[in-house]
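Structure record follows, encoded as structure tokens.
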Amino acid sequence: MFDTPNREASVSQTDIKINARDVQVFYGDNHAIKDVSVDIEDKTVTAFIGPSGCGKSTFLRCLNRMNDTIDICRVEGTILLDGEDIYDKSVDPVQLRAKVGMVFQKPNPFPKSIYDNIAYGPRIHGLARNKAELDEIVEKSLRRGALWDEVKDRLHAPGTGLSGGQQQRLCIARAIATEPEVLLMDEPCSALDPIATAQVEELIDELKQNFSVVIVTHSMQQAARVSQKTAFFHLGNLVEYGETGQIFTKPNDPRTESYITGRIG
Amino acid sequence: MPLLWLILIVLGIAAAGYLLGRGRALASVGGDRRALHSLPSYYGANVALKAVVPAVLLLLVWLLAQPFYVNSVVSGLIPDSEIAEGSSRGLVLAEVRRTADGLDAAVAAGQMDEGFAGNAGADAAEVTQKLKDAGQIVTSQITAPILRAAQEYRVQNAAGRLWMAIAVIAVAVLGALWGLRETSAEFRARNVVETGIRALLIGAASIAILTTIGIVLSLVFNTVEFFRLYPASDFFTGLNWAPSFSGRGGASDLGVLPLLWGTFYISIVALAVAVPIGLFSAIYLSEYATPRVRAVAKPMLEILAGIPTIVYGLFALLTVGPLLMTVFGKEGLGWMQAGTAVMTAGLVMGIMLIPFVSSLSDDIINAVPQALRDGAYGLGATKSETIRQVVLPAALPGIVGAILLAASRAIGETMIVVLGAGAAARLSLNPFEAMTTVTAKIVSQLTGDADFASPEALVAFALGMTLFVITLGLNIFALYIVRKYREQYE
Ligand SMILES: Nc1ncnc2c1ncn2[C@@H]1O[C@H](COP(=O)(O)OP(=O)(O)OP(=O)(O)O)[C@@H](O)[C@H]1O
Ligand SMILES: [Mg+2]
């Protein structure tokens, strides 16, 4: 499944950040994810595409155990992060989520100031030794989130007072302020205009230097632009997973082809 | 004819009007309902409304006006000689009414025949005796003029009621005919019915508002009356509450401060109990409890809200008071003289308020969007961090509103205070002493044979007014905060 012919096998082994095997997810009786196995590489952008309701968000939420907060949700199978089972009893989901950050489909800024929104993660994880360091983290995160210029004069205004697109960039900045190793983004650009989208895509490209990024998107163009690997989900199944270029030019599965060309919607 | 029958007849006319109107509308277009402006039922409803509304209005007006008319007629029959020294025309009229009711009841029970009861020449003494035999309450010997007046009263009332029935039924029939006459294919029945329904709803709302205004006005007038008899400055700044009940000494001290202090002290103790427990249980129920626990625990907690406050009062008097006595009383720490104290009432009132605080807070915490919690969890926050730093700050304005509403309930509470806190008005800091509150004193000033024109009784209105202003202020403040909070997520 994992094919990077230009690298040696031993290197590629350590390059796998997340290794999911036979993952099943149930919402009560609803079998939402069926037998999904996927290897997500380090320092790569992986795109999840597929029609609405096929389970992209559900699978993404498995990767940092956000599904734990849904009572009726049950996850089976194994998911390894750096070789460690994240569903193991000894793993603290709180620590896991500090390593695997998440940006949600709908912007959800806290009803606090812009500054406090960004500083929230660094504060609870003790990333800054003093106020100056915290200020620096906030500024750097806002810059990377392409929001700094718009809000630098009103850092203490409420985050809920920003426009939808600004709120989404605030949430992205908030997620990268904690320096996660993996960043999960659920349709981060669905509320953004083309300029902000381009900025976020640039940010994703930059994040790839250090992190592994998983992005859910409904835009084929976006998936093609930002990702190196693409996974196509359909009705809870992982239909095809491979190099983005190959998925978009010569997919192996007829379902992938129909989706990309717009016949499954 | 009894009132119930009259109302049933009017409703019957309306029902018949409904069917006729509906039928007539359909008939006017040969059964093709598409040719009608409105649905057939609207034509029926239009007829029914026109039958009921004017008839019922007339009925109400008649019921209100008839006693005035009859009283003025009967009053003319009573010679001034009948009004004893120290009495008044009103008291004599009351006696007339009593006699008339007695005659009515005796006739209804078959102990007296109508001919005798209405006999203008009947002997007053004989009637008195017969009434007494029939077990009717008669104050003293009925005099001849009073008997005549009572008989006239019965005649007038019977006539009034008969004419009322005739008039109301006539109006109902005329209304129904009017509605039927209007019925034709082009008639916009739907619009008329909609307007009628709106008028009905406005009427209901204005009754509620007018009653409120009426209550407030009566409070205001009586308060003004009180301040004419007792200086307002003494009332608001007096440190002593000592009404004299004889009314002759005139040496009443009516300072409100000890009562206000008691009210606030007991409310603060109550809130100190209710707010932490209520809030924590709300957090547990909304954030930690499994659905199954929640399904059991929440209704159980809300049962507390259904217990009548007098039961809490008994609980304070018979359980909590003695319990506190064993710890803080003479055998224990020696701080407490008797079971009734600020602490007793405050604790029990706090228990009463727990479900109030918890169920309001629970609703408010649940209204915080799940997306905010997800956001915090997604950044690696623990459950308690999420609750403390994200959920509670978001819910805070609503929770403050809930607490203020609880406070205004605590301030208005009476039974627990009467039974749990004692009756002594006192300015003291010791929570183990008996104290009393504004509401409890309103009760004690008005029970017993109070003279309603004396400052000792009128002070109740001033106290009520003070309380009303305070709770109104608190409620407005609470609503303002709650409303502001609501806008946050919309
Ligand atoms: N909280 C939940 N409770 C119950 N069922 C859920 C829940 N969340 C998702 N599902 C179900 O799981 C399936 C997959 O949903 P999911 O949100 O993962 O789809 P998606 O691929 O992200 O869709 P979209 O592109 O519209 O966001 C759907 O059938 C949905 O009904
Ligand atoms: Mg989704």
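In the structure tokens, each chain is lettered A, B, ... as it comes, each chain's residues begin at 1, and ligands are numbered from 1 in order of appearance.
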>> Quick check for you: according to DSSP on this backbone, which residues of region 12-238 of chain A are classed as strand (DSSP E)? Reply as number ranges by chain.
In response: A: 16-27, 30-41, 45-49, 73-81, 84-85, 100-103, 182-186, 212-216, 229-234, 237-238
> Using only C-alpha atoms, which chain A residues lie at most 10 Å away from chain B, written as JSON, numbers by chain?
Replying inline: {"A": [61, 64, 65, 66, 67, 69, 71, 92, 93, 94, 95, 96, 97, 98, 99, 100, 101, 102, 103, 104, 105, 106, 107, 108, 109, 110, 111, 112, 117, 120, 121, 122, 124, 125, 160, 161, 171, 174, 175, 176, 177, 178, 180, 184]}
Using only C-alpha atoms and all ligand atoms, determine which residues fall within 9 Å of ligand 2, then list them as a short mmCIF file (atom, residue, chain, number, x, y, z; two decimals) with all heavy atoms, in the first residue's frame.
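Written file, selection09.cif:
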```cif
data_model
loop_
_atom_site.label_atom_id
_atom_site.label_comp_id
_atom_site.auth_asym_id
_atom_site.auth_seq_id
_atom_site.Cartn_x
_atom_site.Cartn_y
_atom_site.Cartn_z
N SER A 52 -20.57 13.80 0.37
CA SER A 52 -21.05 14.18 1.69
C SER A 52 -21.64 12.98 2.42
O SER A 52 -22.34 12.17 1.82
CB SER A 52 -22.12 15.26 1.53
OG SER A 52 -22.44 15.78 2.78
N GLY A 53 -21.29 12.85 3.70
CA GLY A 53 -21.84 11.77 4.50
C GLY A 53 -21.11 10.45 4.35
O GLY A 53 -21.53 9.44 4.88
N CYS A 54 -19.94 10.46 3.65
CA CYS A 54 -19.25 9.20 3.42
C CYS A 54 -18.35 8.83 4.60
O CYS A 54 -17.78 7.75 4.62
CB CYS A 54 -18.42 9.28 2.15
SG CYS A 54 -17.09 10.46 2.27
N GLY A 55 -18.19 9.73 5.56
CA GLY A 55 -17.42 9.37 6.75
C GLY A 55 -16.06 10.02 6.85
O GLY A 55 -15.25 9.63 7.69
N LYS A 56 -15.79 11.04 6.05
CA LYS A 56 -14.48 11.70 6.11
C LYS A 56 -14.25 12.32 7.48
O LYS A 56 -13.22 12.10 8.14
CB LYS A 56 -14.38 12.81 5.05
CG LYS A 56 -14.70 12.36 3.65
CD LYS A 56 -14.61 13.50 2.67
CE LYS A 56 -15.65 14.59 2.88
NZ LYS A 56 -17.03 14.19 2.63
N SER A 57 -15.24 13.12 7.94
CA SER A 57 -15.08 13.77 9.25
C SER A 57 -14.98 12.72 10.34
O SER A 57 -14.16 12.84 11.26
CB SER A 57 -16.28 14.67 9.54
OG SER A 57 -16.41 15.64 8.54
N THR A 58 -15.79 11.69 10.24
CA THR A 58 -15.79 10.65 11.26
C THR A 58 -14.40 10.02 11.36
O THR A 58 -13.86 9.87 12.45
CB THR A 58 -16.83 9.57 10.90
OG1 THR A 58 -18.10 10.19 10.81
CG2 THR A 58 -16.87 8.48 11.93
N LEU A 60 -11.57 11.28 10.38
CA LEU A 60 -10.61 12.29 10.84
C LEU A 60 -10.67 12.40 12.37
O LEU A 60 -9.63 12.47 13.03
CB LEU A 60 -10.96 13.63 10.20
CG LEU A 60 -9.88 14.69 10.19
CD1 LEU A 60 -8.75 14.26 9.27
CD2 LEU A 60 -10.45 16.02 9.72
N PHE A 104 -11.92 22.59 12.87
CA PHE A 104 -13.23 21.99 12.60
C PHE A 104 -13.88 22.57 11.36
O PHE A 104 -13.50 23.62 10.84
CB PHE A 104 -14.14 22.19 13.82
CG PHE A 104 -13.65 21.45 15.01
CD1 PHE A 104 -12.69 21.99 15.84
CD2 PHE A 104 -14.12 20.18 15.28
CE1 PHE A 104 -12.21 21.30 16.93
CE2 PHE A 104 -13.64 19.48 16.37
CZ PHE A 104 -12.69 20.03 17.19
N GLN A 105 -14.91 21.84 10.94
CA GLN A 105 -15.64 22.22 9.73
C GLN A 105 -16.27 23.60 9.88
O GLN A 105 -16.23 24.42 8.98
CB GLN A 105 -16.73 21.16 9.50
CG GLN A 105 -17.28 21.13 8.11
CD GLN A 105 -18.00 19.81 7.83
OE1 GLN A 105 -17.89 18.84 8.59
NE2 GLN A 105 -18.71 19.76 6.73
N ASP A 186 -10.70 19.87 8.96
CA ASP A 186 -11.95 19.42 8.37
C ASP A 186 -12.56 20.55 7.55
O ASP A 186 -13.13 21.48 8.10
CB ASP A 186 -12.92 18.98 9.49
CG ASP A 186 -14.07 18.15 8.95
OD1 ASP A 186 -14.26 18.15 7.72
OD2 ASP A 186 -14.76 17.52 9.76
N GLU A 187 -12.41 20.48 6.24
CA GLU A 187 -12.91 21.52 5.35
C GLU A 187 -12.58 22.93 5.87
O GLU A 187 -13.47 23.73 6.11
CB GLU A 187 -14.43 21.39 5.16
CG GLU A 187 -14.79 20.13 4.43
CD GLU A 187 -16.29 20.01 4.22
OE1 GLU A 187 -16.88 21.01 3.82
OE2 GLU A 187 -16.82 18.92 4.46
N VAL A 216 -9.57 17.49 4.97
CA VAL A 216 -10.79 17.03 4.30
C VAL A 216 -11.22 18.17 3.39
O VAL A 216 -11.24 19.32 3.81
CB VAL A 216 -11.90 16.73 5.31
CG1 VAL A 216 -13.22 16.47 4.59
CG2 VAL A 216 -11.53 15.55 6.18
N THR A 217 -11.54 17.87 2.16
CA THR A 217 -11.98 18.95 1.28
C THR A 217 -12.99 18.45 0.28
O THR A 217 -13.01 17.27 -0.09
CB THR A 217 -10.78 19.60 0.57
OG1 THR A 217 -11.27 20.59 -0.31
CG2 THR A 217 -9.97 18.59 -0.20
#
```
>> Could you go through region 87-141 of chain B and tell me which residues DSSP, when run on the backbone, assigns to alpha helix (DSSP H), listing them as an NGL selection string?
In response: :B and (89-108 or 114-118 or 124-133)
>> Residues within 8 Å of Met343 (chain B), please, as a ChimeraX atom specification. Count only C-alpha atoms; anything in the same chain fewer than 3 positions from it doesn't count.
In response: /B:266,269,346-347,421,431-432
For the selection just defined, write its residues with N, CA, C and O atoms to a file, as an mmCIF file, in the first residue's frame.
```
data_model
loop_
_atom_site.group_PDB
_atom_site.id
_atom_site.type_symbol
_atom_site.label_atom_id
_atom_site.label_comp_id
_atom_site.auth_asym_id
_atom_site.auth_seq_id
_atom_site.Cartn_x
_atom_site.Cartn_y
_atom_site.Cartn_z
ATOM 1 N N ILE B 266 -31.239 36.424 55.404
ATOM 2 C CA ILE B 266 -31.741 35.071 55.150
ATOM 3 C C ILE B 266 -31.533 34.701 53.681
ATOM 4 O O ILE B 266 -31.120 33.582 53.357
ATOM 5 N N VAL B 269 -27.883 33.736 53.100
ATOM 6 C CA VAL B 269 -27.601 32.382 53.574
ATOM 7 C C VAL B 269 -28.173 31.366 52.593
ATOM 8 O O VAL B 269 -27.521 30.393 52.208
ATOM 9 N N GLY B 346 -32.536 30.066 56.408
ATOM 10 C CA GLY B 346 -31.651 30.208 55.256
ATOM 11 C C GLY B 346 -31.279 28.854 54.667
ATOM 12 O O GLY B 346 -31.318 28.664 53.454
ATOM 13 N N LEU B 347 -30.938 27.906 55.532
ATOM 14 C CA LEU B 347 -30.556 26.573 55.039
ATOM 15 C C LEU B 347 -31.705 25.935 54.277
ATOM 16 O O LEU B 347 -31.536 25.430 53.164
ATOM 17 N N ALA B 421 -37.716 31.201 60.930
ATOM 18 C CA ALA B 421 -36.824 32.276 61.357
ATOM 19 C C ALA B 421 -37.351 33.050 62.551
ATOM 20 O O ALA B 421 -36.684 33.926 63.068
ATOM 21 N N PRO B 431 -26.024 34.927 62.908
ATOM 22 C CA PRO B 431 -26.964 34.141 62.095
ATOM 23 C C PRO B 431 -27.739 33.118 62.911
ATOM 24 O O PRO B 431 -28.603 32.448 62.371
ATOM 25 N N PHE B 432 -27.400 32.968 64.216
ATOM 26 C CA PHE B 432 -28.138 31.996 65.007
ATOM 27 C C PHE B 432 -29.239 32.652 65.823
ATOM 28 O O PHE B 432 -29.848 32.048 66.676
#
```
> In Å, how far is it from CA of Val10 (chain B) to CA of Ala45 (chain B)?
Replying inline: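 Distance between the two atoms: 14.3 Å.
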> What's the 10 Å shell around Asn475 (chain B), counting only C-alpha atoms, without same-chain residues fewer than 5 positions away, as a ChimeraX atom specification?
Replying inline: /B:401-402,404-409,469-470,480-481
So that I have them on file, write out the residues from the current selection with N, CA and C atoms, as a PDB file, in the first residue's frame.
```
ATOM      1  N   GLY B 401     -27.943  35.423  35.596  1.00  0.00           N
ATOM      2  CA  GLY B 401     -29.382  35.672  35.504  1.00  0.00           C
ATOM      3  C   GLY B 401     -30.157  34.677  36.356  1.00  0.00           C
ATOM      4  N   ALA B 402     -29.781  33.402  36.283  1.00  0.00           N
ATOM      5  CA  ALA B 402     -30.474  32.377  37.062  1.00  0.00           C
ATOM      6  C   ALA B 402     -30.342  32.658  38.551  1.00  0.00           C
ATOM      7  N   LEU B 404     -29.857  35.552  39.980  1.00  0.00           N
ATOM      8  CA  LEU B 404     -30.668  36.714  40.361  1.00  0.00           C
ATOM      9  C   LEU B 404     -32.149  36.331  40.472  1.00  0.00           C
ATOM     10  N   LEU B 405     -32.601  35.472  39.565  1.00  0.00           N
ATOM     11  CA  LEU B 405     -33.993  35.027  39.668  1.00  0.00           C
ATOM     12  C   LEU B 405     -34.200  34.257  40.977  1.00  0.00           C
ATOM     13  N   ALA B 406     -33.222  33.414  41.315  1.00  0.00           N
ATOM     14  CA  ALA B 406     -33.311  32.686  42.574  1.00  0.00           C
ATOM     15  C   ALA B 406     -33.340  33.661  43.744  1.00  0.00           C
ATOM     16  N   ALA B 407     -32.539  34.720  43.647  1.00  0.00           N
ATOM     17  CA  ALA B 407     -32.500  35.703  44.737  1.00  0.00           C
ATOM     18  C   ALA B 407     -33.859  36.359  44.894  1.00  0.00           C
ATOM     19  N   SER B 408     -34.513  36.671  43.774  1.00  0.00           N
ATOM     20  CA  SER B 408     -35.783  37.351  43.959  1.00  0.00           C
ATOM     21  C   SER B 408     -36.830  36.391  44.510  1.00  0.00           C
ATOM     22  N   ARG B 409     -36.664  35.097  44.252  1.00  0.00           N
ATOM     23  CA  ARG B 409     -37.561  34.148  44.918  1.00  0.00           C
ATOM     24  C   ARG B 409     -37.284  34.085  46.410  1.00  0.00           C
ATOM     25  N   VAL B 469     -40.505  46.767  44.444  1.00  0.00           N
ATOM     26  CA  VAL B 469     -39.493  47.531  43.717  1.00  0.00           C
ATOM     27  C   VAL B 469     -38.171  46.756  43.698  1.00  0.00           C
ATOM     28  N   ILE B 470     -37.818  46.166  44.832  1.00  0.00           N
ATOM     29  CA  ILE B 470     -36.537  45.441  44.885  1.00  0.00           C
ATOM     30  C   ILE B 470     -36.556  44.231  43.964  1.00  0.00           C
ATOM     31  N   TYR B 480     -32.365  41.213  31.650  1.00  0.00           N
ATOM     32  CA  TYR B 480     -31.447  41.936  30.772  1.00  0.00           C
ATOM     33  C   TYR B 480     -30.210  41.093  30.501  1.00  0.00           C
ATOM     34  N   ILE B 481     -29.670  40.529  31.582  1.00  0.00           N
ATOM     35  CA  ILE B 481     -28.446  39.739  31.424  1.00  0.00           C
ATOM     36  C   ILE B 481     -28.721  38.476  30.623  1.00  0.00           C
TER      37      ILE B 481
END
```
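Between CA of Ile169 (chain B) and CA of Leu26 (chain B) there is a distance of 26.7 Å.
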>> Env of region 197-200 of chain A: 10 Å cut, atoms = only C-alpha atoms, seq-sep filter 4 positions within chain, self excluded. Answer as an MDAnalysis selection string.
In response: chainID A and resid 144:147 165 168:169 172 188:193 204:206 222
>> Applying 8 Å and only C-alpha atoms, which residues near Ile40 (chain A) remain after dropping the ones on its own chain fewer than 4 positions away? List them as a ChimeraX atom specification.
In response: /A:16-19,44,46,212
Just the selected residues (N, CA and C atoms), exported as a PDB file, in the first residue's frame, please.
```
ATOM      1  N   ILE A  16       6.259   6.873   8.461  1.00  0.00           N
ATOM      2  CA  ILE A  16       4.814   6.771   8.649  1.00  0.00           C
ATOM      3  C   ILE A  16       4.454   7.371   9.997  1.00  0.00           C
ATOM      4  N   LYS A  17       3.574   8.348   9.949  1.00  0.00           N
ATOM      5  CA  LYS A  17       3.207   9.032  11.183  1.00  0.00           C
ATOM      6  C   LYS A  17       2.031   8.313  11.844  1.00  0.00           C
ATOM      7  N   ILE A  18       1.004   8.081  11.045  1.00  0.00           N
ATOM      8  CA  ILE A  18      -0.184   7.418  11.582  1.00  0.00           C
ATOM      9  C   ILE A  18      -0.452   6.183  10.752  1.00  0.00           C
ATOM     10  N   ASN A  19      -0.692   5.092  11.483  1.00  0.00           N
ATOM     11  CA  ASN A  19      -0.925   3.834  10.820  1.00  0.00           C
ATOM     12  C   ASN A  19      -2.256   3.295  11.322  1.00  0.00           C
ATOM     13  N   THR A  44       3.872  15.388   5.193  1.00  0.00           N
ATOM     14  CA  THR A  44       3.121  15.239   3.938  1.00  0.00           C
ATOM     15  C   THR A  44       1.730  15.815   4.164  1.00  0.00           C
ATOM     16  N   THR A  46      -2.041  15.021   3.365  1.00  0.00           N
ATOM     17  CA  THR A  46      -2.915  13.962   2.879  1.00  0.00           C
ATOM     18  C   THR A  46      -4.320  14.535   2.758  1.00  0.00           C
ATOM     19  N   SER A 212       2.701  16.730   9.851  1.00  0.00           N
ATOM     20  CA  SER A 212       1.898  15.996   8.900  1.00  0.00           C
ATOM     21  C   SER A 212       0.502  16.621   8.940  1.00  0.00           C
TER      22      SER A 212
END
```
>> Excluding Glu194 (chain B) and its own-chain neighbours fewer than 4 positions away, which residues fall within 12 Å of it when counting only C-alpha atoms? Please give them as a list of chain:residue names.
In response: B:Ser38, B:Tyr42, B:Tyr43, B:Ala45, B:Asn46, B:Leu49, B:Arg188, B:Ala189, B:Arg190, B:Arg198, B:Ala199, B:Leu200, B:Leu201
